[in-house]
>>> print(open('run-v1.tsv').read())   # TSV, C-alpha atoms
chain	number	residue	atom	x	y	z
A	277	MET	CA	24.97	23.93	-19.52
A	278	ARG	CA	21.97	24.70	-17.37
A	279	GLY	CA	19.29	22.23	-18.48
A	280	VAL	CA	17.02	20.18	-16.33
A	281	ILE	CA	18.60	17.54	-14.14
A	282	THR	CA	16.69	14.52	-12.90
A	283	ILE	CA	17.39	12.43	-9.85
A	284	ASP	CA	15.05	9.45	-9.48
A	285	HIS	CA	16.48	6.68	-7.33
A	286	ASP	CA	13.71	4.27	-8.39
A	287	ASP	CA	14.59	4.61	-12.08
A	288	TYR	CA	16.95	2.25	-13.94
A	289	TYR	CA	19.10	5.30	-14.74
A	290	PRO	CA	18.47	7.54	-11.73
A	291	PHE	CA	20.65	10.46	-12.90
A	292	GLU	CA	19.94	12.50	-16.01
A	293	PHE	CA	21.15	15.81	-17.39
A	294	GLU	CA	22.04	17.58	-20.61
A	295	ALA	CA	25.63	18.29	-21.63
A	296	VAL	CA	27.66	19.58	-24.54
A	297	ILE	CA	30.22	17.25	-26.10
A	298	GLU	CA	33.60	18.95	-26.01
A	299	TYR	CA	37.32	18.33	-26.14
A	300	HIS	CA	39.32	18.04	-22.94
A	301	SER	CA	43.12	18.14	-23.16
A	302	ILE	CA	45.53	16.54	-20.73
A	303	GLY	CA	49.11	17.21	-21.76
A	304	ASN	CA	49.52	16.12	-25.36
A	305	TYR	CA	46.31	14.07	-25.31
A	306	ARG	CA	42.89	15.34	-26.32
A	307	TYR	CA	39.74	13.47	-25.32
A	308	THR	CA	36.13	13.82	-26.37
A	309	VAL	CA	34.08	14.23	-23.18
A	310	VAL	CA	30.98	15.41	-21.44
A	311	PHE	CA	31.29	17.09	-18.06
A	312	LEU	CA	29.05	16.04	-15.18
A	313	ASP	CA	26.48	18.67	-14.24
A	314	GLU	CA	27.75	20.31	-11.03
A	315	ARG	CA	24.30	20.08	-9.48
A	316	LEU	CA	24.71	16.28	-9.33
A	317	HIS	CA	27.99	16.37	-7.38
A	318	ALA	CA	26.24	16.42	-4.00
A	319	HIS	CA	24.14	13.37	-4.92
A	320	LEU	CA	27.06	11.13	-5.91
A	321	PRO	CA	29.88	9.51	-3.86
A	322	LEU	CA	32.57	11.47	-5.72
A	323	ILE	CA	34.74	12.07	-2.65
A	324	GLU	CA	34.76	8.39	-1.69
A	325	TYR	CA	35.17	7.26	-5.33
A	326	PRO	CA	36.87	10.04	-7.34
A	327	ARG	CA	36.85	7.81	-10.44
A	328	LEU	CA	33.20	6.88	-10.17
A	329	ARG	CA	32.27	3.88	-12.31
A	330	ALA	CA	28.95	4.26	-14.07
A	331	SER	CA	26.92	2.91	-16.95
A	332	GLY	CA	24.17	4.53	-18.91
A	333	GLU	CA	23.30	6.19	-22.17
A	334	VAL	CA	24.40	9.24	-24.08
A	335	ARG	CA	21.37	10.10	-26.21
A	336	ASP	CA	20.28	6.41	-26.12
A	337	ILE	CA	23.75	5.06	-27.03
A	338	PRO	CA	24.99	2.80	-24.18
A	339	PHE	CA	28.24	3.46	-22.33
A	340	GLU	CA	30.27	1.99	-19.50
A	341	GLY	CA	32.96	4.16	-18.00
A	342	ALA	CA	34.02	6.32	-15.13
A	343	TRP	CA	33.50	9.93	-14.18
A	344	GLN	CA	37.10	11.18	-13.94
A	345	PRO	CA	38.12	14.13	-11.75
A	346	VAL	CA	39.84	17.27	-13.01
A	347	ARG	CA	40.12	20.49	-10.96
A	348	GLY	CA	36.84	20.06	-9.07
A	349	ARG	CA	34.88	18.79	-12.07
A	350	TRP	CA	34.20	15.31	-13.41
A	351	TYR	CA	34.16	14.19	-17.04
A	352	LEU	CA	33.21	11.07	-18.94
A	353	MET	CA	35.32	10.12	-21.97
A	354	LEU	CA	33.29	9.25	-25.05
A	355	SER	CA	34.69	6.53	-27.29
A	356	LYS	CA	35.08	6.91	-31.03
A	357	LEU	CA	32.54	4.10	-31.42
A	358	LEU	CA	29.97	5.92	-29.27
A	359	MET	CA	30.59	9.14	-31.18
A	360	ARG	CA	30.16	7.33	-34.49
A	361	ASP	CA	27.06	5.36	-33.46
A	362	GLY	CA	25.39	8.48	-32.10
A	363	GLU	CA	26.49	10.59	-35.06
A	364	PHE	CA	27.77	13.09	-32.49
A	365	GLU	CA	30.28	15.86	-33.00
A	366	ILE	CA	31.96	18.44	-30.83
A	367	GLY	CA	29.27	20.90	-29.73
A	368	SER	CA	26.41	18.38	-29.86
A	369	VAL	CA	23.98	18.76	-26.97
A	370	VAL	CA	23.16	15.35	-25.54
A	371	ARG	CA	21.05	13.85	-22.79
A	372	VAL	CA	23.19	11.75	-20.41
A	373	ARG	CA	21.44	9.15	-18.27
A	374	PHE	CA	23.38	6.90	-15.90
A	375	ARG	CA	23.56	4.82	-12.77
A	376	VAL	CA	26.45	4.25	-10.38
A	377	GLU	CA	27.94	0.78	-10.69
A	378	ASP	CA	29.55	-1.44	-8.08
A	379	GLN	CA	32.94	0.21	-7.59
A	380	GLU	CA	34.62	-3.09	-6.69
A	381	ALA	CA	33.24	-5.14	-9.60
A	382	VAL	CA	35.70	-6.74	-12.01
A	383	ASP	CA	34.65	-8.77	-15.06
A	384	LEU	CA	36.88	-11.81	-15.46
A	385	SER	CA	37.27	-13.99	-18.51
A	386	ALA	CA	36.68	-17.71	-17.95
A	387	GLU	CA	40.41	-18.35	-18.51
A	388	LEU	CA	41.53	-15.80	-15.94
A	389	GLN	CA	38.95	-17.02	-13.42
A	390	ALA	CA	40.14	-20.62	-13.93
A	391	MET	CA	43.79	-19.62	-13.46
A	392	LEU	CA	42.99	-17.86	-10.19
A	393	ASN	CA	40.80	-20.74	-8.95
A	394	GLU	CA	43.59	-23.25	-9.63
A	395	ASN	CA	46.29	-21.42	-7.67
A	396	THR	CA	45.61	-20.10	-4.18
A	397	ASP	CA	48.80	-17.97	-4.14
A	398	LEU	CA	47.77	-16.22	-7.36
A	399	LYS	CA	44.24	-15.74	-6.06
A	400	ARG	CA	45.53	-14.28	-2.77
A	401	ALA	CA	47.79	-11.85	-4.66
A	402	TRP	CA	44.91	-10.96	-7.01
A	403	ASN	CA	42.61	-10.20	-4.08
A	404	ALA	CA	45.27	-7.94	-2.53
A	405	LEU	CA	45.20	-5.64	-5.60
A	406	THR	CA	42.90	-2.66	-5.83
A	407	ALA	CA	39.79	-3.09	-7.95
A	408	GLY	CA	41.23	-0.69	-10.51
A	409	LYS	CA	44.43	-2.73	-10.91
A	410	ARG	CA	42.39	-5.94	-11.17
A	411	ARG	CA	40.20	-4.35	-13.87
A	412	GLY	CA	43.29	-3.29	-15.81
A	413	LEU	CA	44.81	-6.77	-15.72
A	414	ALA	CA	41.47	-8.41	-16.56
A	415	TYR	CA	41.08	-6.09	-19.53
A	416	ARG	CA	44.54	-7.05	-20.75
A	417	VAL	CA	43.35	-10.66	-21.00
A	418	SER	CA	39.87	-9.96	-22.37
A	419	SER	CA	41.22	-7.68	-25.11
A	420	ALA	CA	43.45	-10.43	-26.56
A	421	LYS	CA	42.46	-11.18	-30.15
A	422	THR	CA	44.02	-14.65	-30.46
A	423	VAL	CA	44.30	-17.74	-28.27
A	424	LEU	CA	48.09	-17.41	-28.32
A	425	THR	CA	47.95	-13.79	-27.13
A	426	ASN	CA	45.43	-14.76	-24.46
A	427	LYS	CA	47.77	-17.47	-23.10
A	428	LYS	CA	50.76	-15.10	-23.21
A	429	ARG	CA	48.85	-12.44	-21.27
A	430	LEU	CA	47.66	-14.94	-18.67
A	431	ALA	CA	51.30	-15.92	-18.11
A	432	GLU	CA	52.28	-12.25	-17.80
A	433	ILE	CA	49.57	-11.71	-15.19
A	434	ALA	CA	50.72	-14.75	-13.24
A	435	ASP	CA	54.24	-13.23	-13.26
A	436	VAL	CA	52.85	-9.92	-12.03
A	437	LEU	CA	50.95	-11.64	-9.25
A	438	ILE	CA	53.90	-13.68	-8.01
A	439	GLY	CA	55.99	-10.52	-7.97
A	440	SER	CA	58.48	-11.19	-10.73
A	441	VAL	CA	57.15	-8.27	-12.79
A	442	ASP	CA	56.03	-4.90	-11.42
A	443	ARG	CA	53.20	-3.28	-13.42
A	444	SER	CA	51.98	-0.81	-10.81
>>> encode(input="run-v1.tsv", output="structure tokens")
Amino acid sequence: MRGVITIDHDDYYPFEFEAVIEYHSIGNYRYTVVFLDERLHAHLPLIEYPRLRASGEVRDIPFEGAWQPVRGRWYLMLSKLLMRDGEFEIGSVVRVRFRVEDQEAVDLSAELQAMLNENTDLKRAWNALTAGKRRGLAYRVSSAKTVLTNKKRLAEIADVLIGSVDRS
């Protein structure tokens, strides 16, 4: 789509463009996505961070995600919740506004942070992981729906960190 793009580094969301919501298939999986306007590629650290973490809005509906690479292009997956809240469908033309987030940031639950603070060996192993692996493990804990599941997942992560379980 060849709409107007905006690059304003003083703005809260410095990057803006229009895109069409479409399906993108990878093997047997089909995702709802928007593709990053090619004219923005040169203005973003896509080579250094091929899975570029970003946050922003798709037609005023907030998102947090990553621009994912595929054959020289980058796409953002749109969740079912975002699609529902925006009343979007395949073929909808949307304005995408976003900013690049800290690529090393990881949100930790209080329980996971406490576990790491209490055990220097676990914390050392945690810090040796890539940010992406830390985010995946942190999400495993934060997505637990019950206290029992949360405790079970914290124990699993401790096992991963001490090397008794390989989840790479």
>>> residues_near_point(input="run-v1.tsv", point="(41.0, -12.4, -24.4)", cutoff="12 Å", atoms="all atoms listed in the file", output="short mmCIF file (atom, residue, chain, number, x, y, z; two decimals) with C-alpha atoms, in the frame of the given file")
data_model
loop_
_atom_site.label_atom_id
_atom_site.label_comp_id
_atom_site.auth_asym_id
_atom_site.auth_seq_id
_atom_site.Cartn_x
_atom_site.Cartn_y
_atom_site.Cartn_z
CA ASP A 383 34.65 -8.77 -15.06
CA LEU A 384 36.88 -11.81 -15.46
CA SER A 385 37.27 -13.99 -18.51
CA ALA A 386 36.68 -17.71 -17.95
CA GLU A 387 40.41 -18.35 -18.51
CA LEU A 388 41.53 -15.80 -15.94
CA LEU A 413 44.81 -6.77 -15.72
CA ALA A 414 41.47 -8.41 -16.56
CA TYR A 415 41.08 -6.09 -19.53
CA ARG A 416 44.54 -7.05 -20.75
CA VAL A 417 43.35 -10.66 -21.00
CA SER A 418 39.87 -9.96 -22.37
CA SER A 419 41.22 -7.68 -25.11
CA ALA A 420 43.45 -10.43 -26.56
CA LYS A 421 42.46 -11.18 -30.15
CA THR A 422 44.02 -14.65 -30.46
CA VAL A 423 44.30 -17.74 -28.27
CA LEU A 424 48.09 -17.41 -28.32
CA THR A 425 47.95 -13.79 -27.13
CA ASN A 426 45.43 -14.76 -24.46
CA LYS A 427 47.77 -17.47 -23.10
CA LYS A 428 50.76 -15.10 -23.21
CA ARG A 429 48.85 -12.44 -21.27
CA LEU A 430 47.66 -14.94 -18.67
#
>>> closest_residue(input="run-v1.tsv", among="A:Ile323, A:Leu354, A:Ala407, A:Leu398", to="A:Asp378", atoms="all atoms listed in the file")
A:Ala407
>>> atom_distance(input="run-v1.tsv", atom1="atom CA of A:Arg335", atom2="atom CA of A:Asp313")
15.6 Å
>>> atom_distance(input="run-v1.tsv", atom1="atom CA of A:Arg315", atom2="atom CA of A:Thr282")
10.0 Å
>>> atom_distance(input="run-v1.tsv", atom1="atom CA of A:Trp350", atom2="atom CA of A:Leu405")
24.9 Å
>>> residues_around(input="run-v1.tsv", residues="A:Arg349", least_positions_apart="3", cutoff="10 Å", atoms="only C-alpha atoms", output="NGL selection string")
:A and (311-314 or 317 or 322 or 343-346)
>>> residues_around(input="run-v1.tsv", residues="A:Glu380", least_positions_apart="3", cutoff="9 Å", atoms="only C-alpha atoms", output="VMD selection string")
chain A and resid 377 406 to 408
>>> residues_around(input="run-v1.tsv", residues="stretch 368-373 of chain A", least_positions_apart="2", cutoff="6 Å", atoms="only C-alpha atoms", output="PyMOL selection string")
chain A and resi 289+291-297+332-335+365-366
>>> closest_residue(input="run-v1.tsv", among="A:Phe339, A:Gln389, A:Val280, A:Arg347", to="A:Pro326", atoms="all atoms listed in the file")
A:Arg347
>>> closest_residue(input="run-v1.tsv", among="A:Ala434, A:Leu392, A:Ile302, A:Pro290", to="A:Leu320", atoms="only C-alpha atoms")
A:Pro290
>>> residues_around(input="run-v1.tsv", residues="A:Thr396", least_positions_apart="6", cutoff="12 Å", atoms="all atoms listed in the file", output="number ranges by chain")
A: 389-390, 402-403, 434, 437-438
>>> residues_near_point(input="run-v1.tsv", point="(31.4, 6.8, -19.9)", cutoff="9 Å", atoms="only C-alpha atoms", output="JSON, numbers by chain")
{"A": [309, 310, 329, 330, 331, 332, 333, 334, 338, 339, 340, 341, 342, 343, 351, 352, 353, 354, 355, 374]}
>>> write_last_selection(input="run-v1.tsv", atoms="C-alpha atoms", output="PDB file, in the frame of the given file")
ATOM      1  CA  VAL A 309      34.080  14.230 -23.180  1.00  0.00           C
ATOM      2  CA  VAL A 310      30.980  15.410 -21.440  1.00  0.00           C
ATOM      3  CA  ARG A 329      32.270   3.880 -12.310  1.00  0.00           C
ATOM      4  CA  ALA A 330      28.950   4.260 -14.070  1.00  0.00           C
ATOM      5  CA  SER A 331      26.920   2.910 -16.950  1.00  0.00           C
ATOM      6  CA  GLY A 332      24.170   4.530 -18.910  1.00  0.00           C
ATOM      7  CA  GLU A 333      23.300   6.190 -22.170  1.00  0.00           C
ATOM      8  CA  VAL A 334      24.400   9.240 -24.080  1.00  0.00           C
ATOM      9  CA  PRO A 338      24.990   2.800 -24.180  1.00  0.00           C
ATOM     10  CA  PHE A 339      28.240   3.460 -22.330  1.00  0.00           C
ATOM     11  CA  GLU A 340      30.270   1.990 -19.500  1.00  0.00           C
ATOM     12  CA  GLY A 341      32.960   4.160 -18.000  1.00  0.00           C
ATOM     13  CA  ALA A 342      34.020   6.320 -15.130  1.00  0.00           C
ATOM     14  CA  TRP A 343      33.500   9.930 -14.180  1.00  0.00           C
ATOM     15  CA  TYR A 351      34.160  14.190 -17.040  1.00  0.00           C
ATOM     16  CA  LEU A 352      33.210  11.070 -18.940  1.00  0.00           C
ATOM     17  CA  MET A 353      35.320  10.120 -21.970  1.00  0.00           C
ATOM     18  CA  LEU A 354      33.290   9.250 -25.050  1.00  0.00           C
ATOM     19  CA  SER A 355      34.690   6.530 -27.290  1.00  0.00           C
ATOM     20  CA  PHE A 374      23.380   6.900 -15.900  1.00  0.00           C
TER      21      PHE A 374
END
>>> closest_residue(input="run-v1.tsv", among="A:Gln379, A:Ala404, A:Lys399, A:Glu432", to="A:Arg327", atoms="only C-alpha atoms")
A:Gln379
>>> decode(input="run-v1.tsv", residues="stretch 340-359 of chain A", atoms="N, CA, C and O atoms", output="PDB file, in the first residue's frame")
ATOM      1  N   GLU A 340       1.225  -4.465  21.603  1.00  0.00           N
ATOM      2  CA  GLU A 340       2.627  -4.700  21.926  1.00  0.00           C
ATOM      3  C   GLU A 340       3.007  -5.939  21.150  1.00  0.00           C
ATOM      4  O   GLU A 340       2.268  -6.917  21.144  1.00  0.00           O
ATOM      5  N   GLY A 341       4.122  -5.902  20.465  1.00  0.00           N
ATOM      6  CA  GLY A 341       4.517  -7.057  19.675  1.00  0.00           C
ATOM      7  C   GLY A 341       5.876  -6.866  19.070  1.00  0.00           C
ATOM      8  O   GLY A 341       6.685  -6.073  19.552  1.00  0.00           O
ATOM      9  N   ALA A 342       6.107  -7.608  18.005  1.00  0.00           N
ATOM     10  CA  ALA A 342       7.396  -7.529  17.324  1.00  0.00           C
ATOM     11  C   ALA A 342       7.170  -7.589  15.822  1.00  0.00           C
ATOM     12  O   ALA A 342       6.316  -8.341  15.340  1.00  0.00           O
ATOM     13  N   TRP A 343       7.935  -6.799  15.104  1.00  0.00           N
ATOM     14  CA  TRP A 343       7.965  -6.899  13.648  1.00  0.00           C
ATOM     15  C   TRP A 343       8.821  -8.120  13.346  1.00  0.00           C
ATOM     16  O   TRP A 343       9.981  -8.184  13.718  1.00  0.00           O
ATOM     17  N   GLN A 344       8.232  -9.114  12.689  1.00  0.00           N
ATOM     18  CA  GLN A 344       8.881 -10.398  12.412  1.00  0.00           C
ATOM     19  C   GLN A 344       9.341 -10.426  10.951  1.00  0.00           C
ATOM     20  O   GLN A 344       8.601 -10.008  10.068  1.00  0.00           O
ATOM     21  N   PRO A 345      10.541 -10.969  10.698  1.00  0.00           N
ATOM     22  CA  PRO A 345      11.037 -10.994   9.318  1.00  0.00           C
ATOM     23  C   PRO A 345      10.517 -12.186   8.523  1.00  0.00           C
ATOM     24  O   PRO A 345      10.322 -13.271   9.058  1.00  0.00           O
ATOM     25  N   VAL A 346      10.281 -11.944   7.235  1.00  0.00           N
ATOM     26  CA  VAL A 346       9.962 -13.012   6.293  1.00  0.00           C
ATOM     27  C   VAL A 346      10.363 -12.542   4.897  1.00  0.00           C
ATOM     28  O   VAL A 346       9.846 -11.553   4.401  1.00  0.00           O
ATOM     29  N   ARG A 347      11.349 -13.188   4.311  1.00  0.00           N
ATOM     30  CA  ARG A 347      11.804 -12.915   2.935  1.00  0.00           C
ATOM     31  C   ARG A 347      11.950 -11.419   2.628  1.00  0.00           C
ATOM     32  O   ARG A 347      11.390 -10.910   1.665  1.00  0.00           O
ATOM     33  N   GLY A 348      12.691 -10.707   3.468  1.00  0.00           N
ATOM     34  CA  GLY A 348      12.977  -9.300   3.205  1.00  0.00           C
ATOM     35  C   GLY A 348      11.867  -8.331   3.589  1.00  0.00           C
ATOM     36  O   GLY A 348      11.985  -7.140   3.322  1.00  0.00           O
ATOM     37  N   ARG A 349      10.815  -8.840   4.196  1.00  0.00           N
ATOM     38  CA  ARG A 349       9.720  -7.992   4.670  1.00  0.00           C
ATOM     39  C   ARG A 349       9.525  -8.247   6.161  1.00  0.00           C
ATOM     40  O   ARG A 349      10.015  -9.235   6.689  1.00  0.00           O
ATOM     41  N   TRP A 350       8.799  -7.371   6.821  1.00  0.00           N
ATOM     42  CA  TRP A 350       8.505  -7.541   8.235  1.00  0.00           C
ATOM     43  C   TRP A 350       7.005  -7.418   8.443  1.00  0.00           C
ATOM     44  O   TRP A 350       6.343  -6.573   7.839  1.00  0.00           O
ATOM     45  N   TYR A 351       6.471  -8.276   9.326  1.00  0.00           N
ATOM     46  CA  TYR A 351       5.038  -8.249   9.604  1.00  0.00           C
ATOM     47  C   TYR A 351       4.808  -8.200  11.109  1.00  0.00           C
ATOM     48  O   TYR A 351       5.647  -8.605  11.906  1.00  0.00           O
ATOM     49  N   LEU A 352       3.640  -7.688  11.467  1.00  0.00           N
ATOM     50  CA  LEU A 352       3.185  -7.649  12.844  1.00  0.00           C
ATOM     51  C   LEU A 352       1.936  -8.506  12.937  1.00  0.00           C
ATOM     52  O   LEU A 352       0.979  -8.288  12.180  1.00  0.00           O
ATOM     53  N   MET A 353       1.939  -9.504  13.826  1.00  0.00           N
ATOM     54  CA  MET A 353       0.749 -10.335  14.018  1.00  0.00           C
ATOM     55  C   MET A 353      -0.281  -9.548  14.822  1.00  0.00           C
ATOM     56  O   MET A 353       0.068  -8.873  15.789  1.00  0.00           O
ATOM     57  N   LEU A 354      -1.537  -9.658  14.409  1.00  0.00           N
ATOM     58  CA  LEU A 354      -2.630  -8.983  15.094  1.00  0.00           C
ATOM     59  C   LEU A 354      -3.438 -10.029  15.859  1.00  0.00           C
ATOM     60  O   LEU A 354      -3.907 -11.003  15.274  1.00  0.00           O
ATOM     61  N   SER A 355      -3.611  -9.809  17.130  1.00  0.00           N
ATOM     62  CA  SER A 355      -4.325 -10.768  17.971  1.00  0.00           C
ATOM     63  C   SER A 355      -5.814 -10.779  17.651  1.00  0.00           C
ATOM     64  O   SER A 355      -6.362  -9.817  17.106  1.00  0.00           O
ATOM     65  N   LYS A 356      -6.462 -11.862  18.030  1.00  0.00           N
ATOM     66  CA  LYS A 356      -7.917 -11.950  17.865  1.00  0.00           C
ATOM     67  C   LYS A 356      -8.610 -10.852  18.660  1.00  0.00           C
ATOM     68  O   LYS A 356      -9.600 -10.279  18.201  1.00  0.00           O
ATOM     69  N   LEU A 357      -8.080 -10.549  19.845  1.00  0.00           N
ATOM     70  CA  LEU A 357      -8.653  -9.494  20.672  1.00  0.00           C
ATOM     71  C   LEU A 357      -8.550  -8.136  19.981  1.00  0.00           C
ATOM     72  O   LEU A 357      -9.517  -7.371  19.936  1.00  0.00           O
ATOM     73  N   LEU A 358      -7.397  -7.823  19.416  1.00  0.00           N
ATOM     74  CA  LEU A 358      -7.220  -6.561  18.690  1.00  0.00           C
ATOM     75  C   LEU A 358      -8.168  -6.502  17.493  1.00  0.00           C
ATOM     76  O   LEU A 358      -8.819  -5.478  17.255  1.00  0.00           O
ATOM     77  N   MET A 359      -8.266  -7.602  16.773  1.00  0.00           N
ATOM     78  CA  MET A 359      -9.170  -7.648  15.616  1.00  0.00           C
ATOM     79  C   MET A 359     -10.613  -7.411  16.054  1.00  0.00           C
ATOM     80  O   MET A 359     -11.347  -6.664  15.418  1.00  0.00           O
TER      81      MET A 359
END
